[in-house]
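entry_16.txt follows; it contains compact mmCIF, C-alpha atoms.
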# COMPACT_ATOMS: atom_id res chain seq x y z
CA MET A 1105 59.98 -20.32 67.87
CA MET A 1106 57.75 -19.32 65.04
CA THR A 1107 56.03 -21.88 62.73
CA LYS A 1108 54.70 -21.35 59.28
CA THR A 1109 51.06 -22.31 58.74
CA MET A 1110 49.93 -23.48 55.31
CA THR A 1111 46.85 -21.94 53.87
CA ALA A 1112 44.58 -22.93 51.03
CA THR A 1113 46.28 -20.34 48.90
CA ASP A 1114 49.74 -21.91 49.34
CA ASP A 1115 51.41 -22.46 45.93
CA SER A 1116 52.76 -25.92 47.02
CA LEU A 1117 49.28 -27.57 46.62
CA PRO A 1118 48.04 -28.50 43.15
CA PRO A 1119 44.83 -26.91 42.11
CA ILE A 1120 41.71 -29.00 42.61
CA PRO A 1121 40.19 -29.68 39.17
CA ASP A 1122 36.60 -28.97 38.49
CA PHE A 1123 34.30 -32.06 38.70
CA ASP A 1124 33.73 -33.51 35.20
CA PRO A 1125 30.79 -35.99 35.11
CA ARG A 1126 31.72 -37.32 31.65
CA ARG A 1127 35.32 -38.13 32.59
CA THR A 1128 34.10 -39.71 35.81
CA ARG A 1129 31.66 -41.97 33.97
CA ARG A 1130 34.39 -43.02 31.48
CA ALA A 1131 36.76 -43.84 34.31
CA VAL A 1132 34.09 -45.92 36.07
CA ARG A 1133 33.31 -47.80 32.87
CA ARG A 1134 37.01 -48.53 32.26
CA GLY A 1135 37.34 -49.82 35.78
CA LEU A 1136 34.31 -52.05 35.47
CA PHE A 1137 35.52 -53.40 32.11
CA ARG A 1138 38.99 -54.22 33.46
CA THR A 1139 37.46 -55.91 36.52
CA ALA A 1140 35.09 -57.99 34.37
CA LEU A 1141 37.94 -58.93 32.00
CA ARG A 1142 40.17 -60.06 34.86
CA SER A 1143 37.31 -62.03 36.42
CA ALA A 1144 36.48 -63.74 33.12
CA ALA A 1145 40.15 -64.65 32.59
CA LEU A 1146 40.38 -66.06 36.11
CA LEU A 1147 37.16 -68.06 35.64
CA LEU A 1148 38.31 -69.40 32.26
CA GLY A 1149 41.69 -70.38 33.69
CA ALA A 1150 40.02 -72.08 36.65
CA ALA A 1151 37.63 -73.95 34.33
CA LEU A 1152 40.51 -75.12 32.10
CA LEU A 1153 42.51 -76.27 35.10
CA LEU A 1154 39.47 -78.04 36.54
CA ASN A 1155 38.67 -79.72 33.21
CA ALA A 1156 42.29 -80.80 32.75
CA GLY A 1157 42.37 -82.06 36.32
CA THR A 1158 39.19 -84.10 35.96
CA ALA A 1159 40.41 -85.48 32.61
CA LEU A 1160 43.64 -86.61 34.26
CA LEU A 1161 41.63 -88.09 37.12
CA GLN A 1162 39.34 -89.98 34.75
CA THR A 1163 42.13 -91.30 32.53
CA ARG A 1164 44.30 -92.51 35.41
CA GLY A 1165 45.46 -96.08 34.94
CA ASP A 1166 44.24 -96.16 31.26
CA ARG A 1167 40.59 -95.93 32.38
CA ASP A 1168 39.70 -94.23 29.09
CA GLN A 1169 41.23 -97.00 26.98
CA ARG A 1170 39.61 -99.65 29.14
CA MET A 1171 36.23 -97.94 28.76
CA GLU A 1172 36.58 -98.28 24.99
CA ARG A 1173 37.74 -101.90 25.18
CA VAL A 1174 35.11 -103.03 27.67
CA LEU A 1175 32.03 -100.89 27.06
CA GLY A 1176 32.56 -100.15 23.36
CA SER A 1177 32.96 -103.85 22.63
CA ALA A 1178 30.04 -104.72 24.93
CA PHE A 1179 27.77 -102.49 22.83
CA LEU A 1180 28.60 -104.48 19.70
CA VAL A 1181 28.42 -107.83 21.50
CA ALA A 1182 24.89 -106.95 22.62
CA HIS A 1183 23.83 -105.72 19.16
CA PRO A 1184 24.93 -108.17 16.45
CA ASP A 1185 22.54 -106.45 14.04
CA TYR A 1186 24.75 -103.32 14.09
CA THR A 1187 28.24 -102.73 12.77
CA SER A 1188 30.62 -100.03 13.90
CA GLY A 1189 33.96 -98.70 12.81
CA MET A 1190 34.34 -95.51 14.82
CA SER A 1191 34.18 -94.38 18.43
CA ALA A 1192 35.24 -91.24 20.28
CA LEU A 1193 35.71 -90.19 23.90
CA ASP A 1194 34.68 -86.82 25.34
CA PHE A 1195 35.52 -85.58 28.82
CA GLY A 1196 33.24 -83.45 31.00
CA LEU A 1197 33.81 -82.09 34.47
CA THR A 1198 32.28 -85.14 36.12
CA SER A 1199 32.08 -87.82 33.43
CA MET A 1200 33.47 -89.50 30.32
CA THR A 1201 31.22 -90.17 27.33
CA LEU A 1202 31.99 -92.82 24.72
CA THR A 1203 30.23 -92.18 21.41
CA VAL A 1204 29.85 -95.19 19.11
CA ASP A 1205 28.85 -94.58 15.47
CA ALA A 1206 26.87 -97.65 14.44
CA ASP A 1207 25.09 -98.77 11.29
CA PRO A 1208 22.26 -101.30 11.16
CA VAL A 1209 23.26 -104.27 9.00
CA GLU A 1210 21.85 -103.71 5.51
CA PRO A 1211 21.32 -106.05 2.54
CA VAL A 1212 23.39 -103.85 0.22
CA PRO A 1213 26.88 -102.72 1.30
CA ALA A 1214 27.49 -98.98 1.39
CA PRO A 1215 29.48 -97.66 -1.62
CA ASP A 1216 33.17 -97.04 -0.96
CA GLU A 1217 32.76 -93.29 -1.21
CA VAL A 1218 30.02 -93.21 1.43
CA THR A 1219 31.32 -93.05 5.00
CA ARG A 1220 27.98 -92.90 6.79
CA ARG A 1221 24.68 -94.48 5.84
CA PRO A 1222 21.45 -92.51 6.24
CA GLY A 1223 20.61 -94.83 9.16
CA THR A 1224 23.88 -94.32 11.02
CA ALA A 1225 23.32 -93.28 14.61
CA ALA A 1226 25.64 -92.08 17.36
CA PHE A 1227 25.08 -93.98 20.61
CA GLU A 1228 26.45 -92.49 23.83
CA ILE A 1229 27.64 -94.37 26.92
CA THR A 1230 28.46 -92.14 29.91
CA GLN A 1231 30.60 -93.08 32.89
CA ASN A 1232 30.98 -90.91 36.03
CA LEU A 1233 34.09 -90.18 38.11
CA LEU A 1234 33.50 -93.35 40.13
CA GLY A 1235 33.57 -95.47 36.96
CA GLN A 1236 29.82 -96.20 37.01
CA VAL A 1237 27.77 -96.13 33.82
CA THR A 1238 25.04 -93.52 34.30
CA ASP A 1239 23.66 -93.48 30.77
CA GLY A 1240 23.68 -96.47 28.46
CA VAL A 1241 22.08 -97.79 25.28
CA TYR A 1242 18.71 -99.47 25.49
CA GLY A 1243 16.35 -101.51 23.33
CA LEU A 1244 17.58 -100.91 19.79
CA GLN A 1245 15.38 -102.56 17.19
CA THR A 1246 16.18 -103.43 13.59
CA ARG A 1247 14.71 -105.82 11.01
CA LEU A 1248 17.12 -108.48 12.28
CA SER A 1249 16.02 -108.21 15.91
CA GLY A 1250 13.18 -110.70 15.45
CA PRO A 1251 15.20 -113.38 13.61
CA LEU A 1252 18.06 -113.00 16.10
CA GLY A 1253 15.67 -113.51 19.01
CA LEU A 1254 14.77 -116.99 17.73
CA THR A 1255 18.36 -118.29 17.64
CA GLY A 1256 18.62 -121.49 19.62
CA GLU A 1257 14.90 -121.66 20.42
CA ARG A 1258 14.00 -125.11 19.14
CA THR A 1259 10.23 -124.82 18.77
CA GLY A 1260 9.97 -127.44 16.03
CA THR A 1261 11.93 -129.97 14.01
CA ARG A 1262 14.65 -129.05 11.54
CA GLU A 1263 12.36 -130.07 8.68
CA GLU A 1264 9.64 -127.71 9.92
CA ALA A 1265 12.08 -124.84 10.30
CA ARG A 1266 13.48 -125.46 6.81
CA GLY A 1267 9.99 -125.67 5.37
CA GLN A 1268 9.06 -122.26 6.76
CA ALA A 1269 12.23 -120.72 5.31
CA GLU A 1270 11.62 -122.31 1.90
CA LYS A 1271 8.12 -120.80 1.79
CA VAL A 1272 9.58 -117.32 2.38
CA PHE A 1273 12.32 -117.77 -0.23
CA GLY A 1274 9.83 -119.16 -2.74
CA ARG A 1275 8.00 -115.83 -2.86
CA LEU A 1276 11.11 -113.76 -3.63
CA PRO A 1277 13.21 -113.18 -6.78
CA ALA A 1278 16.45 -115.15 -6.63
CA SER A 1279 18.61 -112.08 -7.41
CA LEU A 1280 17.50 -109.99 -4.41
CA LEU A 1281 20.20 -109.21 -1.86
CA ALA A 1282 19.31 -109.97 1.73
CA THR A 1283 20.22 -109.86 5.38
CA ALA A 1284 19.52 -113.04 7.29
CA VAL A 1285 20.36 -115.06 10.39
CA VAL A 1286 21.91 -118.44 9.59
CA GLU A 1287 21.50 -120.90 12.47
CA PHE A 1288 23.43 -124.16 12.64
CA GLU A 1289 21.82 -127.46 13.55
CA ARG A 1290 24.39 -127.75 16.33
CA PRO A 1291 26.99 -125.14 17.36
CA LEU A 1292 30.27 -125.40 15.43
CA THR A 1293 33.86 -125.03 16.54
CA GLY A 1294 36.06 -122.57 14.69
CA GLU A 1295 37.59 -125.41 12.69
CA GLU A 1296 34.16 -126.80 11.76
CA PHE A 1297 33.08 -123.36 10.60
CA ALA A 1298 36.20 -123.19 8.43
CA ALA A 1299 35.14 -126.42 6.71
CA PHE A 1300 31.61 -125.05 6.24
CA HIS A 1301 32.99 -121.83 4.74
CA ARG A 1302 35.34 -123.62 2.35
CA ASP A 1303 32.48 -125.77 1.07
CA ARG A 1304 30.63 -122.57 0.21
CA TYR A 1305 33.38 -120.30 -1.14
CA GLU A 1306 36.56 -120.70 -3.10
CA GLN A 1307 39.84 -120.12 -1.25
CA ASP A 1308 40.57 -116.38 -0.96
CA ASP A 1309 37.29 -115.55 -2.72
CA PRO A 1310 37.12 -111.71 -2.66
CA THR A 1311 33.31 -111.89 -2.64
CA ALA A 1312 33.25 -113.88 0.60
CA PRO A 1313 31.43 -111.64 3.07
CA ALA A 1314 32.60 -110.70 6.55
CA HIS A 1315 30.27 -112.15 9.18
CA THR A 1316 29.04 -111.27 12.62
CA PHE A 1317 29.34 -114.56 14.49
CA LEU A 1318 26.69 -115.55 17.04
CA LEU A 1319 28.44 -117.05 20.07
CA SER A 1320 25.45 -117.95 22.25
CA ARG A 1321 21.80 -118.80 22.10
CA ALA A 1322 19.37 -115.90 22.35
CA SER A 1323 18.32 -117.02 25.84
CA GLY A 1324 21.94 -117.11 26.99
CA GLY A 1325 22.95 -113.81 25.43
CA SER A 1326 22.01 -110.20 26.10
CA THR A 1327 19.03 -109.04 28.12
CA TYR A 1328 17.59 -107.72 24.84
CA GLY A 1329 16.79 -111.32 23.91
CA VAL A 1330 19.44 -111.73 21.20
CA PRO A 1331 22.61 -113.86 21.12
CA PHE A 1332 26.05 -112.41 21.70
CA GLY A 1333 27.74 -111.32 18.48
CA TRP A 1334 31.37 -110.84 17.50
CA GLN A 1335 32.22 -109.05 14.29
CA SER A 1336 34.74 -110.33 11.81
CA HIS A 1337 37.80 -108.02 12.02
CA ARG A 1338 36.50 -106.51 15.25
CA PHE A 1339 40.02 -105.53 16.34
CA GLY A 1340 41.31 -104.17 13.05
CA SER A 1341 42.94 -105.58 9.95
CA PRO A 1342 43.77 -109.26 9.40
CA ALA A 1343 46.57 -110.69 11.54
CA THR A 1344 49.62 -109.67 9.51
CA GLY A 1345 48.08 -106.88 7.47
CA LYS A 1346 49.02 -108.78 4.30
CA GLU A 1347 46.18 -109.64 1.97
CA GLU A 1348 47.77 -112.92 0.87
CA ASP A 1349 47.85 -114.18 4.46
CA TYR A 1350 44.15 -113.52 5.07
CA ASP A 1351 41.97 -116.61 5.15
CA PRO A 1352 38.28 -115.70 5.51
CA ALA A 1353 37.46 -119.30 6.47
CA ALA A 1354 39.60 -118.87 9.60
CA GLU A 1355 37.57 -115.90 10.80
CA GLY A 1356 35.28 -118.14 12.86
CA ALA A 1357 38.16 -119.53 14.92
CA LYS A 1358 39.65 -116.03 15.20
CA ALA A 1359 36.31 -114.63 16.42
CA VAL A 1360 36.04 -117.30 19.13
CA GLY A 1361 39.63 -116.65 20.23
CA ASP A 1362 39.24 -112.86 20.29
CA PHE A 1363 35.95 -113.13 22.17
CA ARG A 1364 37.54 -115.38 24.79
CA ARG A 1365 40.46 -113.00 25.23
CA TRP A 1366 38.09 -110.06 25.65
CA VAL A 1367 35.97 -111.88 28.22
CA GLY A 1368 39.19 -112.84 30.02
CA GLU A 1369 39.97 -109.12 30.49
CA LEU A 1370 36.68 -108.50 32.29
CA ARG A 1371 36.59 -108.24 36.07
CA ASP A 1372 33.84 -108.88 38.59
CA HIS A 1373 33.49 -105.12 39.20
CA ASP A 1374 32.56 -104.70 35.49
CA ALA A 1375 29.35 -106.68 36.02
CA GLU A 1376 27.14 -103.72 36.96
CA ASN A 1377 28.27 -101.57 34.03
CA LEU A 1378 27.93 -104.44 31.56
CA LEU A 1379 24.42 -105.20 32.79
CA LYS A 1380 23.41 -101.58 32.12
CA LEU A 1381 24.36 -102.26 28.49
CA GLY A 1382 22.30 -105.46 28.48
CA VAL A 1383 25.28 -107.81 28.80
CA PRO A 1384 25.25 -110.12 31.86
CA LEU A 1385 28.82 -111.04 32.83
CA LYS A 1386 27.87 -114.60 33.80
CA ASN A 1387 26.37 -115.16 30.33
CA LEU A 1388 29.53 -113.82 28.69
CA ARG A 1389 31.71 -116.20 30.69
CA ALA A 1390 29.45 -119.13 29.90
CA ALA A 1391 29.60 -118.35 26.16
CA ALA A 1392 33.39 -117.96 26.27
CA THR A 1393 33.74 -121.30 28.08
CA GLU A 1394 31.59 -123.02 25.45
CA GLY A 1395 33.50 -121.39 22.57
CA ARG A 1396 31.04 -122.41 19.84
CA ILE A 1397 29.49 -120.65 16.85
CA HIS A 1398 25.70 -120.96 16.94
CA GLY A 1399 25.22 -119.11 13.67
CA TYR A 1400 26.05 -115.88 11.94
CA VAL A 1401 24.50 -112.75 10.46
CA ALA A 1402 24.70 -112.85 6.68
CA ALA A 1403 24.59 -109.57 4.75
CA GLY A 1404 24.76 -109.10 0.99
CA GLU A 1405 23.93 -112.72 0.11
CA THR A 1406 21.42 -113.26 -2.66
CA VAL A 1407 18.16 -115.08 -1.99
CA GLU A 1408 19.45 -117.85 -4.25
CA GLY A 1409 22.64 -118.06 -2.19
CA LEU A 1410 20.64 -118.30 1.04
CA ARG A 1411 18.61 -121.15 -0.45
CA GLU A 1412 21.86 -123.03 -1.10
CA ILE A 1413 22.99 -122.39 2.48
CA LEU A 1414 19.66 -123.76 3.70
CA ASP A 1415 20.37 -127.03 1.86
CA ASP A 1416 23.56 -127.62 3.86
CA PRO A 1417 22.95 -130.38 6.44
CA ARG A 1418 24.89 -128.36 9.06
CA VAL A 1419 22.30 -125.57 8.84
CA ARG A 1420 19.07 -125.78 10.81
CA THR A 1421 17.36 -122.77 9.24
CA VAL A 1422 17.87 -119.36 7.65
CA ARG A 1423 15.68 -116.50 8.90
CA LEU A 1424 15.28 -113.57 6.56
CA GLY A 1425 15.64 -110.02 7.93
CA ASP A 1426 15.41 -107.69 4.94
CA VAL A 1427 15.83 -107.66 1.15
CA ALA A 1428 16.80 -105.04 -1.41
CA PHE A 1429 17.73 -104.61 -5.06
CA ASP A 1430 21.33 -103.71 -5.76
CA LEU A 1431 20.64 -100.64 -7.87
CA SER A 1432 24.38 -100.00 -8.35
Represent the structure contained in this file as structure tokens.
Amino acid sequence: MMTKTMTATDDSLPPIPDFDPRRTRRAVRRGLFRTALRSAALLLGAALLLNAGTALLQTRGDRDQRMERVLGSAFLVAHPDYTSGMSALDFGLTSMTLTVDADPVEPVPAPDEVTRRPGTAAFEITQNLLGQVTDGVYGLQTRLSGPLGLTGERTGTREEARGQAEKVFGRLPASLLATAVVEFERPLTGEEFAAFHRDRYEQDDPTAPAHTFLLSRASGGSTYGVPFGWQSHRFGSPATGKEEDYDPAAEGAKAVGDFRRWVGELRDHDAENLLKLGVPLKNLRAAATEGRIHGYVAAGETVEGLREILDDPRVRTVRLGDVAFDLS
């Protein structure tokens, strides 16, 4: 049998093209670009999946909401010389970060059209996958820090404390607006504070200021050496949302009740995180059990108004923090 051998000159084979360096380089570049693009897409997809997975892991069982309720509130409890209306949560691969926008209490309220004061700062509290606070807020100082640190420290008689306050007020114009710490001679119940408030303001007086209530002595409060504070309207609008139902005199009793409910939500395993924010759990529980108002932070009162408060027999002293003219 005879077989046919194929030779290089057989017409069935395509011709071998000449080597073209330029086409070869373009083909290599296209291949590298497609490989890099696929790799980047895969990496981006993996990162998004990982981020979504860690976010789901961190928010399991409403951990994100509880972080805001427990740690966001603890920040304000430990810093009664700050006010806050906003907070936000961000998720990383291994942590959650709660950002609290806070303003130091000022003598003059911010105008309605201003949403942030020049002194507003964003404080970050970071919690890892295990629920442990790894980065907290430490040692904030304002002009009210000193007066707050003296709350409940009875270093002299009431007459001596009043005399020192009168000397300070005597050197200032009566029309100046001020921030101050008002300390009661003995801690008041919510109902007793309501009576105190009604003696000072008319019913439903629109000029009656919102207070930050001091619910402990300085020595029984935060590790920063200030009493625990609870802001008026801490959890939103007045009870029914109707202006006619809002009684500012009842805010003291409401603050005590809200504070007790918040402390009641805390668990023993929160103690370590709270301590990193300067809030000992045992001190919180002691203050909630007592349920008394030791004083309050006053903002926007005139010097003349603070003098009148000082004359009230229920008040031990008034310690000035800062003063300012109301240029508006």
Problem - Nearest to Ala1182 (chain A) by atom-to-atom distance, counting only C-alpha atoms, from A:Leu1319, A:Ala1402, A:Leu1136, A:Val1286 - result: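 Of A:Leu1319, A:Ala1402, A:Leu1136, A:Val1286, the one nearest Ala1182 (chain A), counting only C-alpha atoms, is A:Leu1319.
Counting only C-alpha atoms and comparing A:Leu1424, A:Val1360, A:Val1330, A:Ala1284, the residue that lies closest to Tyr1400 (chain A) is A:Ala1284.
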Excluding region 1405-1415 of chain A and any residue of its chain fewer than 6 positions from it, enumerate the residues within 6 Å of it, using only C-alpha atoms, and give them as a PDB file with C-alpha atoms, in the frame of the given file.
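Writing done, so here's result_36.pdb:
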ATOM      1  CA  ALA A1278      16.450-115.150  -6.630  1.00  0.00           C
ATOM      2  CA  SER A1279      18.610-112.080  -7.410  1.00  0.00           C
ATOM      3  CA  LEU A1280      17.500-109.990  -4.410  1.00  0.00           C
ATOM      4  CA  LEU A1281      20.200-109.210  -1.860  1.00  0.00           C
ATOM      5  CA  ALA A1282      19.310-109.970   1.730  1.00  0.00           C
TER       6      ALA A1282
END
Exercise for the section: Have a look at A:Glu1287, A:Glu1355, A:Asp1166, A:Asp1207 and name the one nearest to Pro1184 (chain A); count all atoms listed in the file. Expected result: A:Asp1207
Practice task
Write out as a list in words each polymer residue whose atoms come within 10 Å of Gly1235 (chain A), counting all atoms listed in the file; drop sequence neighbours fewer than 4 positions from it.
Solution key: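 Returned residues: Gln1162, Arg1167, Met1171, Ser1199, Met1200, Thr1230, Gln1231, His1373, Asp1374 and Asn1377 of chain A.
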Write out the residues from the selection above, keeping C-alpha atoms, as a PDB file, in the coordinates of the input.
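The new file selection-v5.pdb reads:
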ATOM      1  CA  GLN A1162      39.340 -89.980  34.750  1.00  0.00           C
ATOM      2  CA  ARG A1167      40.590 -95.930  32.380  1.00  0.00           C
ATOM      3  CA  MET A1171      36.230 -97.940  28.760  1.00  0.00           C
ATOM      4  CA  SER A1199      32.080 -87.820  33.430  1.00  0.00           C
ATOM      5  CA  MET A1200      33.470 -89.500  30.320  1.00  0.00           C
ATOM      6  CA  THR A1230      28.460 -92.140  29.910  1.00  0.00           C
ATOM      7  CA  GLN A1231      30.600 -93.080  32.890  1.00  0.00           C
ATOM      8  CA  HIS A1373      33.490-105.120  39.200  1.00  0.00           C
ATOM      9  CA  ASP A1374      32.560-104.700  35.490  1.00  0.00           C
ATOM     10  CA  ASN A1377      28.270-101.570  34.030  1.00  0.00           C
TER      11      ASN A1377
END
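For the choices A:Ala1265, A:Trp1366, A:Leu1148, A:Leu1385, the atom-to-atom distance to Glu1289 (chain A) is smallest for A:Ala1265 when using only C-alpha atoms.
The interatomic distance for the pair CA of Gly1267 (chain A) and CA of Thr1246 (chain A) works out to 24.5 Å.
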Handout entry: Neighbours of point (36.0, -113.0, 12.6) within 8 Å, using all atoms listed in the file, written as an MDAnalysis selection string
Key = chainID A and resid 1314:1317 1334:1338 1352 1354:1360
Exercise for the section: Could you check which of A:Leu1147, A:Ile1397, A:Val1383, A:Val1272 is closest to Leu1292 (chain A), using all atoms listed in the file? Expected result: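 Selected residue with least distance to Leu1292 (chain A): A:Ile1397.
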Problem - Separation of CA of Val1241 (chain A) from CA of Phe1179 (chain A) in Å - result: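 So the answer is 7.8 Å.
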Handout entry: CA of Asp1194 (chain A) to CA of Ala1226 (chain A), distance in Å rounded to a single decimal
Key =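 These atoms are spaced 13.2 Å apart.
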Write out, as JSON lines, each residue of region 1162-1268 of chain A that has an atom at most 10 Å from region 1418-1421 of chain A, together with the closest pair of atoms and their distance in Å to one decimal, counting all atoms listed in the file, rows going by chain and rising number.
{"residue": "A:Thr1255", "atom": "CA", "partner": "A:Thr1421", "partner_atom": "CA", "distance": 9.6}
{"residue": "A:Gly1256", "atom": "CA", "partner": "A:Arg1420", "partner_atom": "CA", "distance": 9.8}
{"residue": "A:Arg1258", "atom": "CA", "partner": "A:Arg1420", "partner_atom": "CA", "distance": 9.8}
{"residue": "A:Thr1261", "atom": "CA", "partner": "A:Arg1420", "partner_atom": "CA", "distance": 8.9}
{"residue": "A:Arg1262", "atom": "CA", "partner": "A:Arg1420", "partner_atom": "CA", "distance": 5.5}
{"residue": "A:Glu1263", "atom": "CA", "partner": "A:Arg1420", "partner_atom": "CA", "distance": 8.2}
{"residue": "A:Glu1264", "atom": "CA", "partner": "A:Thr1421", "partner_atom": "CA", "distance": 9.2}
{"residue": "A:Ala1265", "atom": "CA", "partner": "A:Thr1421", "partner_atom": "CA", "distance": 5.8}
{"residue": "A:Arg1266", "atom": "CA", "partner": "A:Thr1421", "partner_atom": "CA", "distance": 5.3}
{"residue": "A:Gly1267", "atom": "CA", "partner": "A:Thr1421", "partner_atom": "CA", "distance": 8.8}
{"residue": "A:Gln1268", "atom": "CA", "partner": "A:Thr1421", "partner_atom": "CA", "distance": 8.7}
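For the choices A:Gly1176, A:Gly1196, A:Gly1260, A:Pro1211, the atom-to-atom distance to Gly1240 (chain A) is smallest for A:Gly1176 when using all atoms listed in the file.
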Spatial sel., origin (26.9, -96.0, 21.0), limit 9 Å, only C-alpha atoms, listed as a PDB file with C-alpha atoms, keeping the file's coordinate frame:
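Result went into point-v2.pdb, see below:
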ATOM      1  CA  GLY A1176      32.560-100.150  23.360  1.00  0.00           C
ATOM      2  CA  PHE A1179      27.770-102.490  22.830  1.00  0.00           C
ATOM      3  CA  LEU A1180      28.600-104.480  19.700  1.00  0.00           C
ATOM      4  CA  SER A1188      30.620-100.030  13.900  1.00  0.00           C
ATOM      5  CA  SER A1191      34.180 -94.380  18.430  1.00  0.00           C
ATOM      6  CA  LEU A1202      31.990 -92.820  24.720  1.00  0.00           C
ATOM      7  CA  THR A1203      30.230 -92.180  21.410  1.00  0.00           C
ATOM      8  CA  VAL A1204      29.850 -95.190  19.110  1.00  0.00           C
ATOM      9  CA  ASP A1205      28.850 -94.580  15.470  1.00  0.00           C
ATOM     10  CA  ALA A1206      26.870 -97.650  14.440  1.00  0.00           C
ATOM     11  CA  ALA A1225      23.320 -93.280  14.610  1.00  0.00           C
ATOM     12  CA  ALA A1226      25.640 -92.080  17.360  1.00  0.00           C
ATOM     13  CA  PHE A1227      25.080 -93.980  20.610  1.00  0.00           C
ATOM     14  CA  GLU A1228      26.450 -92.490  23.830  1.00  0.00           C
ATOM     15  CA  ILE A1229      27.640 -94.370  26.920  1.00  0.00           C
ATOM     16  CA  GLY A1240      23.680 -96.470  28.460  1.00  0.00           C
ATOM     17  CA  VAL A1241      22.080 -97.790  25.280  1.00  0.00           C
TER      18      VAL A1241
END
Region 1168-1181 of chain A rebuilt with N, CA, C and O atoms, output as a JSON list (two decimals), in the coordinates of the input:
[["chain", "number", "residue", "atom", "x", "y", "z"],
["A", 1168, "ASP", "N", 40.36, -94.60, 30.34],
["A", 1168, "ASP", "CA", 39.70, -94.23, 29.09],
["A", 1168, "ASP", "C", 39.83, -95.33, 28.05],
["A", 1168, "ASP", "O", 38.86, -95.69, 27.38],
["A", 1169, "GLN", "N", 41.04, -95.91, 27.94],
["A", 1169, "GLN", "CA", 41.23, -97.00, 26.98],
["A", 1169, "GLN", "C", 40.43, -98.23, 27.38],
["A", 1169, "GLN", "O", 39.87, -98.93, 26.53],
["A", 1170, "ARG", "N", 40.37, -98.48, 28.68],
["A", 1170, "ARG", "CA", 39.61, -99.65, 29.14],
["A", 1170, "ARG", "C", 38.11, -99.45, 28.91],
["A", 1170, "ARG", "O", 37.38, -100.40, 28.61],
["A", 1171, "MET", "N", 37.65, -98.21, 29.03],
["A", 1171, "MET", "CA", 36.23, -97.94, 28.76],
["A", 1171, "MET", "C", 35.91, -98.29, 27.31],
["A", 1171, "MET", "O", 34.87, -98.89, 27.03],
["A", 1172, "GLU", "N", 36.80, -97.94, 26.39],
["A", 1172, "GLU", "CA", 36.58, -98.28, 24.99],
["A", 1172, "GLU", "C", 36.61, -99.78, 24.77],
["A", 1172, "GLU", "O", 35.77, -100.34, 24.05],
["A", 1173, "ARG", "N", 37.61, -100.45, 25.38],
["A", 1173, "ARG", "CA", 37.74, -101.90, 25.18],
["A", 1173, "ARG", "C", 36.56, -102.65, 25.77],
["A", 1173, "ARG", "O", 36.02, -103.57, 25.15],
["A", 1174, "VAL", "N", 36.14, -102.27, 26.98],
["A", 1174, "VAL", "CA", 35.11, -103.03, 27.67],
["A", 1174, "VAL", "C", 33.71, -102.61, 27.21],
["A", 1174, "VAL", "O", 32.93, -103.43, 26.72],
["A", 1175, "LEU", "N", 33.39, -101.32, 27.33],
["A", 1175, "LEU", "CA", 32.03, -100.89, 27.06],
["A", 1175, "LEU", "C", 31.76, -100.73, 25.56],
["A", 1175, "LEU", "O", 30.67, -101.03, 25.09],
["A", 1176, "GLY", "N", 32.77, -100.25, 24.81],
["A", 1176, "GLY", "CA", 32.56, -100.15, 23.36],
["A", 1176, "GLY", "C", 32.35, -101.51, 22.73],
["A", 1176, "GLY", "O", 31.47, -101.70, 21.89],
["A", 1177, "SER", "N", 33.14, -102.49, 23.14],
["A", 1177, "SER", "CA", 32.96, -103.85, 22.63],
["A", 1177, "SER", "C", 31.66, -104.46, 23.12],
["A", 1177, "SER", "O", 30.98, -105.18, 22.38],
["A", 1178, "ALA", "N", 31.29, -104.18, 24.38],
["A", 1178, "ALA", "CA", 30.04, -104.72, 24.93],
["A", 1178, "ALA", "C", 28.83, -104.25, 24.14],
["A", 1178, "ALA", "O", 27.87, -105.01, 23.94],
["A", 1179, "PHE", "N", 28.87, -102.99, 23.66],
["A", 1179, "PHE", "CA", 27.77, -102.49, 22.83],
["A", 1179, "PHE", "C", 27.58, -103.37, 21.60],
["A", 1179, "PHE", "O", 26.46, -103.77, 21.26],
["A", 1180, "LEU", "N", 28.69, -103.68, 20.91],
["A", 1180, "LEU", "CA", 28.60, -104.48, 19.70],
["A", 1180, "LEU", "C", 28.25, -105.93, 19.99],
["A", 1180, "LEU", "O", 27.54, -106.57, 19.23],
["A", 1181, "VAL", "N", 28.76, -106.46, 21.10],
["A", 1181, "VAL", "CA", 28.42, -107.83, 21.50],
["A", 1181, "VAL", "C", 26.92, -107.96, 21.72],
["A", 1181, "VAL", "O", 26.30, -108.97, 21.36]]
